[in-house]
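Colleague: One file is attached below, work25.cif, containing mmCIF, C-alpha atoms.
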```cif
data_start
loop_
_atom_site.label_atom_id
_atom_site.label_comp_id
_atom_site.auth_asym_id
_atom_site.auth_seq_id
_atom_site.Cartn_x
_atom_site.Cartn_y
_atom_site.Cartn_z
CA MET A 1 0.00 0.00 0.00
CA ASP A 2 1.40 3.37 -1.05
CA TRP A 3 0.02 6.07 1.25
CA GLU A 4 1.75 8.82 -0.76
CA LYS A 5 -0.09 7.79 -3.92
CA ILE A 6 -3.40 7.94 -2.04
CA VAL A 7 -2.65 11.37 -0.57
CA ASP A 8 -1.59 12.64 -4.00
CA LYS A 9 -4.85 11.34 -5.50
CA TYR A 10 -6.97 13.53 -3.20
CA TYR A 11 -4.62 16.47 -2.59
CA LYS A 12 -3.29 17.08 -6.11
CA GLY A 13 -3.24 20.81 -6.70
CA ASN A 14 -3.48 21.63 -3.00
CA ALA A 15 0.18 21.72 -1.96
CA GLU A 16 -0.27 23.87 1.14
CA LEU A 17 -2.92 21.63 2.71
CA LYS A 18 -1.03 18.51 1.63
CA ASP A 19 2.06 19.80 3.46
CA ILE A 20 0.03 20.36 6.65
CA LEU A 21 -1.53 16.90 6.36
CA VAL A 22 1.75 15.08 5.71
CA ARG A 23 3.73 16.92 8.40
CA HIS A 24 1.03 16.30 11.00
CA SER A 25 0.63 12.67 9.97
CA MET A 26 4.38 12.08 10.05
CA SER A 27 4.55 13.39 13.63
CA VAL A 28 1.68 11.06 14.61
CA ALA A 29 3.32 8.13 12.81
CA GLN A 30 6.67 8.67 14.52
CA LYS A 31 5.08 8.74 17.98
CA ALA A 32 2.91 5.71 17.18
CA LEU A 33 5.93 3.76 15.92
CA ARG A 34 7.87 4.61 19.10
CA ILE A 35 4.98 3.10 21.08
CA VAL A 36 4.97 -0.03 18.90
CA ALA A 37 8.75 -0.42 19.37
CA ALA A 38 8.56 0.14 23.13
CA HIS A 39 5.72 -2.35 23.61
CA PRO A 40 6.29 -5.51 21.56
CA GLU A 41 4.00 -7.33 24.02
CA LEU A 42 1.06 -5.52 22.39
CA GLY A 43 1.66 -7.32 19.10
CA ALA A 44 0.80 -4.26 17.02
CA ASP A 45 1.33 -4.44 13.25
CA ARG A 46 4.11 -1.89 12.68
CA ASP A 47 3.53 -1.48 8.94
CA PHE A 48 -0.19 -0.98 9.39
CA VAL A 49 0.36 1.57 12.18
CA TYR A 50 2.64 3.57 9.87
CA GLU A 51 0.27 3.44 6.88
CA ALA A 52 -2.87 4.23 8.87
CA SER A 53 -1.12 7.05 10.74
CA MET A 54 -0.23 8.63 7.42
CA LEU A 55 -3.85 8.39 6.22
CA HIS A 56 -5.87 9.01 9.39
CA ASP A 57 -6.72 12.64 8.50
CA ILE A 58 -7.16 12.26 4.73
CA GLY A 59 -10.75 13.54 4.99
CA ILE A 60 -9.83 17.04 6.18
CA ILE A 61 -9.84 18.31 2.59
CA TYR A 62 -13.66 18.30 2.59
CA THR A 63 -14.04 20.28 5.81
CA ASP A 64 -14.50 23.95 6.54
CA ALA A 65 -11.43 24.78 8.64
CA PRO A 66 -9.73 27.82 7.05
CA GLY A 67 -7.17 28.04 9.87
CA ILE A 68 -5.54 24.92 8.44
CA LYS A 69 -6.26 25.72 4.77
CA CYS A 70 -9.36 23.51 4.52
CA TYR A 71 -12.01 25.18 2.39
CA GLY A 72 -14.63 22.46 2.07
CA THR A 73 -18.22 22.57 3.28
CA GLU A 74 -18.38 19.86 5.94
CA PRO A 75 -18.01 20.41 9.71
CA TYR A 76 -14.48 19.50 10.81
CA ILE A 77 -15.76 16.84 13.23
CA ARG A 78 -16.81 14.81 10.16
CA HIS A 79 -13.28 14.55 8.74
CA GLY A 80 -12.84 11.03 10.09
CA ILE A 81 -16.07 9.76 8.53
CA LEU A 82 -15.24 11.48 5.24
CA GLY A 83 -11.77 9.97 5.18
CA ALA A 84 -13.17 6.54 6.01
CA ASP A 85 -15.50 6.78 3.01
CA LEU A 86 -12.53 7.56 0.74
CA LEU A 87 -10.41 4.70 2.05
CA ARG A 88 -13.26 2.19 1.85
CA LYS A 89 -13.73 3.14 -1.82
CA ASP A 90 -9.99 2.56 -2.26
CA GLY A 91 -10.32 -0.94 -0.75
CA LEU A 92 -8.75 -0.15 2.63
CA PRO A 93 -11.42 -0.98 5.23
CA ALA A 94 -9.01 -1.40 8.19
CA HIS A 95 -7.35 1.97 7.45
CA ALA A 96 -10.85 3.49 7.11
CA ARG A 97 -11.68 2.34 10.65
CA VAL A 98 -8.70 4.30 11.98
CA CYS A 99 -10.00 7.44 10.21
CA GLU A 100 -13.46 7.21 11.70
CA ARG A 101 -12.35 6.21 15.21
CA HIS A 102 -9.56 8.70 15.99
CA THR A 103 -11.61 11.85 16.76
CA GLY A 104 -11.20 12.83 20.39
CA ALA A 105 -10.36 9.60 22.18
CA GLY A 106 -13.01 7.97 20.06
CA LEU A 107 -16.68 8.83 20.36
CA SER A 108 -19.27 6.56 21.91
CA LEU A 109 -22.78 6.32 20.52
CA GLU A 110 -23.95 8.04 23.70
CA ASP A 111 -21.51 10.95 23.13
CA ILE A 112 -22.66 11.36 19.54
CA VAL A 113 -26.35 11.38 20.45
CA SER A 114 -26.13 13.46 23.65
CA GLN A 115 -23.92 16.11 22.01
CA ASN A 116 -26.03 16.06 18.82
CA LEU A 117 -22.89 15.59 16.72
CA PRO A 118 -23.32 15.43 12.92
CA LEU A 119 -22.07 11.85 12.81
CA PRO A 120 -23.70 8.47 12.22
CA HIS A 121 -25.43 7.05 15.28
CA ILE A 122 -22.89 4.28 15.84
CA SER A 123 -20.01 3.73 18.24
CA LEU A 124 -16.83 5.29 16.89
CA LEU A 125 -14.55 4.05 19.66
CA PRO A 126 -11.14 2.60 18.76
CA GLU A 127 -11.23 -1.16 19.27
CA THR A 128 -7.99 -2.68 17.97
CA THR A 129 -4.58 -2.09 19.51
CA GLU A 130 -3.49 -0.27 16.36
CA GLU A 131 -6.57 1.99 16.39
CA LYS A 132 -5.92 2.88 20.02
CA ILE A 133 -2.21 3.61 19.45
CA ILE A 134 -2.90 5.93 16.50
CA CYS A 135 -5.77 7.69 18.28
CA TYR A 136 -3.53 8.21 21.31
CA ALA A 137 -0.53 9.44 19.30
CA ASP A 138 -2.72 11.87 17.34
CA LYS A 139 -3.72 13.73 20.50
CA PHE A 140 -0.17 15.04 20.92
CA PHE A 141 -0.08 16.99 17.66
CA SER A 142 -2.23 19.74 16.19
CA LYS A 143 -2.33 20.96 12.62
CA THR A 144 -1.85 24.57 13.69
CA ARG A 145 1.38 24.03 15.63
CA LEU A 146 3.10 21.51 13.42
CA ASP A 147 6.08 19.65 14.86
CA THR A 148 5.24 20.70 18.44
CA GLU A 149 4.40 17.79 20.73
CA LYS A 150 1.98 18.36 23.60
CA THR A 151 2.54 16.88 27.03
CA VAL A 152 0.17 14.19 28.33
CA GLU A 153 -1.48 16.85 30.49
CA GLN A 154 -1.95 19.27 27.58
CA ALA A 155 -3.36 16.52 25.38
CA ALA A 156 -5.78 15.43 28.11
CA ARG A 157 -6.98 19.03 28.56
CA SER A 158 -7.67 19.32 24.83
CA LEU A 159 -9.93 16.27 25.09
CA ALA A 160 -12.12 17.72 27.84
CA LYS A 161 -14.50 19.23 25.27
CA PHE A 162 -15.44 15.69 24.20
CA GLY A 163 -16.36 14.69 27.77
CA ASP A 164 -14.85 12.95 30.78
CA GLU A 165 -15.09 9.47 29.24
CA GLY A 166 -12.65 10.44 26.50
CA VAL A 167 -10.18 11.88 28.98
CA GLY A 168 -10.45 8.65 30.98
CA ARG A 169 -9.74 6.52 27.89
CA PHE A 170 -6.78 8.72 26.99
CA MET A 171 -5.30 8.46 30.48
CA GLU A 172 -5.75 4.68 30.42
CA TRP A 173 -3.85 4.57 27.12
CA SER A 174 -1.18 6.80 28.64
CA ARG A 175 -0.61 4.20 31.35
CA MET A 176 -0.46 1.44 28.69
CA PHE A 177 1.73 3.17 26.13
CA GLU A 178 4.13 5.44 28.06
#
```
Go ahead and render the structure in this file as structure tokens.
Modeller:
Amino acid sequence: MDWEKIVDKYYKGNAELKDILVRHSMSVAQKALRIVAAHPELGADRDFVYEASMLHDIGIIYTDAPGIKCYGTEPYIRHGILGADLLRKDGLPAHARVCERHTGAGLSLEDIVSQNLPLPHISLLPETTEEKIICYADKFFSKTRLDTEKTVEQAARSLAKFGDEGVGRFMEWSRMFE
């Protein structure tokens, strides 16, 4: 699987956004791969973690987030679902699951319904070890401060808007992965 070819397919002609996407994704991938290397007992698939980390935010191109050069029409919270749709069409269902399950620390059906989020009424919680590692690693990097890694405390604070359950999941992953 060639993640660069997939990114080029959707980001051709949008070099500035592609640069933001790739730089952010590379930071996430590097952190995720450090976790995989430090925890062989988890049995995570290193190659998949790298590929899925590089593609987890592919759907941002369709969102309305001008601060990161996204000039689409969809709410940013839908970027995971939008990316999952793209990757499923490209025959990558496992990579698609990472896209749709990395927002916040994953979103439960209850979170989606109670917060009236514009998402399908299904559980979007990470389930596999690889999904959890990528979701966790992603919380340390924003697309507005590229190449700057947050602390565990800063990342946990940024999750508070998604509810206490997400912060709890994140802190559990912190104990597993750090």
Colleague: So that I can see what lies close to Leu86 of chain A, please list as a list in words the residues with an atom at most 12 Å from it, counting all atoms listed in the file and leaving out residues fewer than 6 positions away in the same chain.
Modeller: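 Contacts, in chain order: Ile6, Val7, Lys9, Tyr10, Leu55, His56, Asp57, Ile58, Gly59, Ile60, Ile61, Tyr62, His79, Gly80, Leu92, Pro93, His95, Ala96, Arg97, Cys99 and Glu100 of chain A.
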Colleague: Using only C-alpha atoms, please write the residues we just selected to a file, as a PDB file, keeping the file's coordinate frame.
Modeller:
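Writing the result to result13.pdb gives the following:
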```pdb
ATOM      1  CA  ILE A   6      -3.400   7.940  -2.040  1.00  0.00           C
ATOM      2  CA  VAL A   7      -2.650  11.370  -0.570  1.00  0.00           C
ATOM      3  CA  LYS A   9      -4.850  11.340  -5.500  1.00  0.00           C
ATOM      4  CA  TYR A  10      -6.970  13.530  -3.200  1.00  0.00           C
ATOM      5  CA  LEU A  55      -3.850   8.390   6.220  1.00  0.00           C
ATOM      6  CA  HIS A  56      -5.870   9.010   9.390  1.00  0.00           C
ATOM      7  CA  ASP A  57      -6.720  12.640   8.500  1.00  0.00           C
ATOM      8  CA  ILE A  58      -7.160  12.260   4.730  1.00  0.00           C
ATOM      9  CA  GLY A  59     -10.750  13.540   4.990  1.00  0.00           C
ATOM     10  CA  ILE A  60      -9.830  17.040   6.180  1.00  0.00           C
ATOM     11  CA  ILE A  61      -9.840  18.310   2.590  1.00  0.00           C
ATOM     12  CA  TYR A  62     -13.660  18.300   2.590  1.00  0.00           C
ATOM     13  CA  HIS A  79     -13.280  14.550   8.740  1.00  0.00           C
ATOM     14  CA  GLY A  80     -12.840  11.030  10.090  1.00  0.00           C
ATOM     15  CA  LEU A  92      -8.750  -0.150   2.630  1.00  0.00           C
ATOM     16  CA  PRO A  93     -11.420  -0.980   5.230  1.00  0.00           C
ATOM     17  CA  HIS A  95      -7.350   1.970   7.450  1.00  0.00           C
ATOM     18  CA  ALA A  96     -10.850   3.490   7.110  1.00  0.00           C
ATOM     19  CA  ARG A  97     -11.680   2.340  10.650  1.00  0.00           C
ATOM     20  CA  CYS A  99     -10.000   7.440  10.210  1.00  0.00           C
ATOM     21  CA  GLU A 100     -13.460   7.210  11.700  1.00  0.00           C
TER      22      GLU A 100
END
```
Colleague: Pick from A:Ala105, A:Ala29, A:Ile20, A:Val98: nearest to Cys70 of chain A, with all atoms listed in the file counted?
Modeller: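 Under the stated criterion, the closest residue is A:Ile20.
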Colleague: For Met26 of chain A, which residue among A:Ser142, A:Thr63, A:Gln115, A:Gln154 is the nearest when counting only C-alpha atoms?
Modeller: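 The shortest atom-to-atom distance to Met26 of chain A comes from A:Ser142.
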Colleague: Please, what distance in Å, to one decimal, runs between atom CA of His39 of chain A and atom CA of Asp2 of chain A?
Modeller: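 We find that atom CA of His39 of chain A and atom CA of Asp2 of chain A lie 25.7 Å from each other.
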Colleague: Step by step, work through what the PyMOL selection byres ((chain A and resi 159) around 12) selects in the shown file, and finish by giving those residues as number ranges by chain.
Modeller: A: 102-107, 135-136, 138-140, 152-158, 160-171
Colleague: Deliver the residues from the most recent selection as a file, using C-alpha atoms, as a CSV table (one decimal), in the frame of the given file.
Modeller:
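Now in part-v4.csv:
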```csv
chain,number,residue,atom,x,y,z
A,102,HIS,CA,-9.6,8.7,16.0
A,103,THR,CA,-11.6,11.8,16.8
A,104,GLY,CA,-11.2,12.8,20.4
A,105,ALA,CA,-10.4,9.6,22.2
A,106,GLY,CA,-13.0,8.0,20.1
A,107,LEU,CA,-16.7,8.8,20.4
A,135,CYS,CA,-5.8,7.7,18.3
A,136,TYR,CA,-3.5,8.2,21.3
A,138,ASP,CA,-2.7,11.9,17.3
A,139,LYS,CA,-3.7,13.7,20.5
A,140,PHE,CA,-0.2,15.0,20.9
A,152,VAL,CA,0.2,14.2,28.3
A,153,GLU,CA,-1.5,16.8,30.5
A,154,GLN,CA,-2.0,19.3,27.6
A,155,ALA,CA,-3.4,16.5,25.4
A,156,ALA,CA,-5.8,15.4,28.1
A,157,ARG,CA,-7.0,19.0,28.6
A,158,SER,CA,-7.7,19.3,24.8
A,160,ALA,CA,-12.1,17.7,27.8
A,161,LYS,CA,-14.5,19.2,25.3
A,162,PHE,CA,-15.4,15.7,24.2
A,163,GLY,CA,-16.4,14.7,27.8
A,164,ASP,CA,-14.8,13.0,30.8
A,165,GLU,CA,-15.1,9.5,29.2
A,166,GLY,CA,-12.6,10.4,26.5
A,167,VAL,CA,-10.2,11.9,29.0
A,168,GLY,CA,-10.4,8.6,31.0
A,169,ARG,CA,-9.7,6.5,27.9
A,170,PHE,CA,-6.8,8.7,27.0
A,171,MET,CA,-5.3,8.5,30.5
```
Colleague: Kindly give the distance, in Å, that separates atom CA of Phe177 of chain A and atom CA of Leu82 of chain A, rounded to a single decimal.
Modeller: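 It comes out at 28.2 Å.
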Colleague: Measure the distance from atom CA of Ala65 of chain A to atom CA of Arg78 of chain A in Å and round it to one decimal.
Modeller: 11.4 Å
Colleague: Give me the residues within 10 Å of Ile112 of chain A as a list in words, counting all atoms listed in the file and dropping any in the same chain fewer than 3 places off.
Modeller: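 Neighbouring residues, sequence-local ones excluded: Leu107, Ser108, Leu109, Gln115, Asn116, Leu117, Pro118, Leu119, Pro120, His121, Ile122, Ser123, Leu124 and Phe162 of chain A.
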Colleague: Given the file shown, determine the residues that the PyMOL selection byres ((chain A and resi 69) around 12) selects; report them as a ChimeraX atom specification.
Modeller: /A:11,14-21,60-68,70-72,76,143-144
Colleague: If the PyMOL selection byres ((chain A and resi 35) around 10) is run on the structure shown, which residues does it catch, given as a PDB file with C-alpha atoms, in the frame of the given file?
Modeller:
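Written out: part_23.pdb:
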```
ATOM      1  CA  ALA A  29       3.320   8.130  12.810  1.00  0.00           C
ATOM      2  CA  GLN A  30       6.670   8.670  14.520  1.00  0.00           C
ATOM      3  CA  LYS A  31       5.080   8.740  17.980  1.00  0.00           C
ATOM      4  CA  ALA A  32       2.910   5.710  17.180  1.00  0.00           C
ATOM      5  CA  LEU A  33       5.930   3.760  15.920  1.00  0.00           C
ATOM      6  CA  ARG A  34       7.870   4.610  19.100  1.00  0.00           C
ATOM      7  CA  VAL A  36       4.970  -0.030  18.900  1.00  0.00           C
ATOM      8  CA  ALA A  37       8.750  -0.420  19.370  1.00  0.00           C
ATOM      9  CA  ALA A  38       8.560   0.140  23.130  1.00  0.00           C
ATOM     10  CA  HIS A  39       5.720  -2.350  23.610  1.00  0.00           C
ATOM     11  CA  PRO A  40       6.290  -5.510  21.560  1.00  0.00           C
ATOM     12  CA  LEU A  42       1.060  -5.520  22.390  1.00  0.00           C
ATOM     13  CA  ALA A  44       0.800  -4.260  17.020  1.00  0.00           C
ATOM     14  CA  ARG A  46       4.110  -1.890  12.680  1.00  0.00           C
ATOM     15  CA  ILE A 133      -2.210   3.610  19.450  1.00  0.00           C
ATOM     16  CA  ILE A 134      -2.900   5.930  16.500  1.00  0.00           C
ATOM     17  CA  TYR A 136      -3.530   8.210  21.310  1.00  0.00           C
ATOM     18  CA  ALA A 137      -0.530   9.440  19.300  1.00  0.00           C
ATOM     19  CA  MET A 176      -0.460   1.440  28.690  1.00  0.00           C
ATOM     20  CA  PHE A 177       1.730   3.170  26.130  1.00  0.00           C
ATOM     21  CA  GLU A 178       4.130   5.440  28.060  1.00  0.00           C
TER      22      GLU A 178
END
```
Colleague: Choose the residue, out of A:Lys5, A:Arg145, A:Arg101, A:Lys150, that has the smallest atom-to-atom separation from Glu51 of chain A; count only C-alpha atoms.
Modeller: A:Lys5
Colleague: Given only C-alpha atoms as the basis, pick out the residue of A:Val22, A:Gly43, A:Ala52, A:Glu172 nearest to Ala84 of chain A.
Modeller: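 When distances to Ala84 of chain A are compared using only C-alpha atoms, the smallest one comes from A:Ala52.
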Colleague: Return as lines of an AutoDock Vina configuration file the centre and edge lengths, in Å with one decimal, of the box along x, y and z that encloses every atom of segment 132-141 of chain A in the file, padded by 6 Å per side.
Modeller:
```
center_x = -3.0
center_y = 9.9
center_z = 18.9
size_x = 17.8
size_y = 26.1
size_z = 16.8
```
Colleague: Can you put N, CA, C and O atoms back into segment 97-110 of chain A and show it as an mmCIF file, in the frame of the given file?
Modeller:
```cif
data_model
loop_
_atom_site.group_PDB
_atom_site.id
_atom_site.type_symbol
_atom_site.label_atom_id
_atom_site.label_comp_id
_atom_site.auth_asym_id
_atom_site.auth_seq_id
_atom_site.Cartn_x
_atom_site.Cartn_y
_atom_site.Cartn_z
ATOM 1 N N ARG A 97 -11.258 2.394 9.249
ATOM 2 C CA ARG A 97 -11.680 2.340 10.650
ATOM 3 C C ARG A 97 -10.838 3.288 11.519
ATOM 4 O O ARG A 97 -11.356 3.920 12.434
ATOM 5 N N VAL A 98 -9.562 3.385 11.226
ATOM 6 C CA VAL A 98 -8.700 4.300 11.980
ATOM 7 C C VAL A 98 -9.178 5.742 11.752
ATOM 8 O O VAL A 98 -9.282 6.524 12.704
ATOM 9 N N CYS A 99 -9.496 6.088 10.509
ATOM 10 C CA CYS A 99 -10.000 7.440 10.210
ATOM 11 C C CYS A 99 -11.210 7.761 11.065
ATOM 12 O O CYS A 99 -11.265 8.811 11.704
ATOM 13 N N GLU A 100 -12.191 6.879 11.049
ATOM 14 C CA GLU A 100 -13.460 7.210 11.700
ATOM 15 C C GLU A 100 -13.421 7.093 13.217
ATOM 16 O O GLU A 100 -14.316 7.590 13.887
ATOM 17 N N ARG A 101 -12.385 6.480 13.774
ATOM 18 C CA ARG A 101 -12.350 6.210 15.210
ATOM 19 C C ARG A 101 -11.283 7.003 15.963
ATOM 20 O O ARG A 101 -11.043 6.752 17.135
ATOM 21 N N HIS A 102 -10.650 7.978 15.307
ATOM 22 C CA HIS A 102 -9.560 8.700 15.990
ATOM 23 C C HIS A 102 -9.977 10.060 16.546
ATOM 24 O O HIS A 102 -9.194 10.706 17.237
ATOM 25 N N THR A 103 -11.187 10.526 16.284
ATOM 26 C CA THR A 103 -11.610 11.850 16.760
ATOM 27 C C THR A 103 -11.767 11.828 18.281
ATOM 28 O O THR A 103 -12.391 10.927 18.833
ATOM 29 N N GLY A 104 -11.215 12.847 18.932
ATOM 30 C CA GLY A 104 -11.200 12.830 20.390
ATOM 31 C C GLY A 104 -10.397 11.613 20.832
ATOM 32 O O GLY A 104 -9.344 11.318 20.296
ATOM 33 N N ALA A 105 -10.938 10.898 21.801
ATOM 34 C CA ALA A 105 -10.360 9.600 22.180
ATOM 35 C C ALA A 105 -11.355 8.528 21.737
ATOM 36 O O ALA A 105 -11.634 7.573 22.443
ATOM 37 N N GLY A 106 -11.901 8.758 20.548
ATOM 38 C CA GLY A 106 -13.010 7.970 20.060
ATOM 39 C C GLY A 106 -14.296 8.577 20.610
ATOM 40 O O GLY A 106 -14.274 9.329 21.587
ATOM 41 N N LEU A 107 -15.386 8.302 19.932
ATOM 42 C CA LEU A 107 -16.680 8.830 20.360
ATOM 43 C C LEU A 107 -17.668 7.688 20.515
ATOM 44 O O LEU A 107 -17.864 6.900 19.577
ATOM 45 N N SER A 108 -18.271 7.602 21.684
ATOM 46 C CA SER A 108 -19.270 6.560 21.910
ATOM 47 C C SER A 108 -20.584 6.983 21.253
ATOM 48 O O SER A 108 -20.809 8.168 20.969
ATOM 49 N N LEU A 109 -21.450 6.023 21.036
ATOM 50 C CA LEU A 109 -22.780 6.320 20.520
ATOM 51 C C LEU A 109 -23.470 7.327 21.432
ATOM 52 O O LEU A 109 -24.106 8.286 20.965
ATOM 53 N N GLU A 110 -23.330 7.137 22.732
ATOM 54 C CA GLU A 110 -23.950 8.040 23.700
ATOM 55 C C GLU A 110 -23.421 9.474 23.546
ATOM 56 O O GLU A 110 -24.192 10.433 23.609
#
```
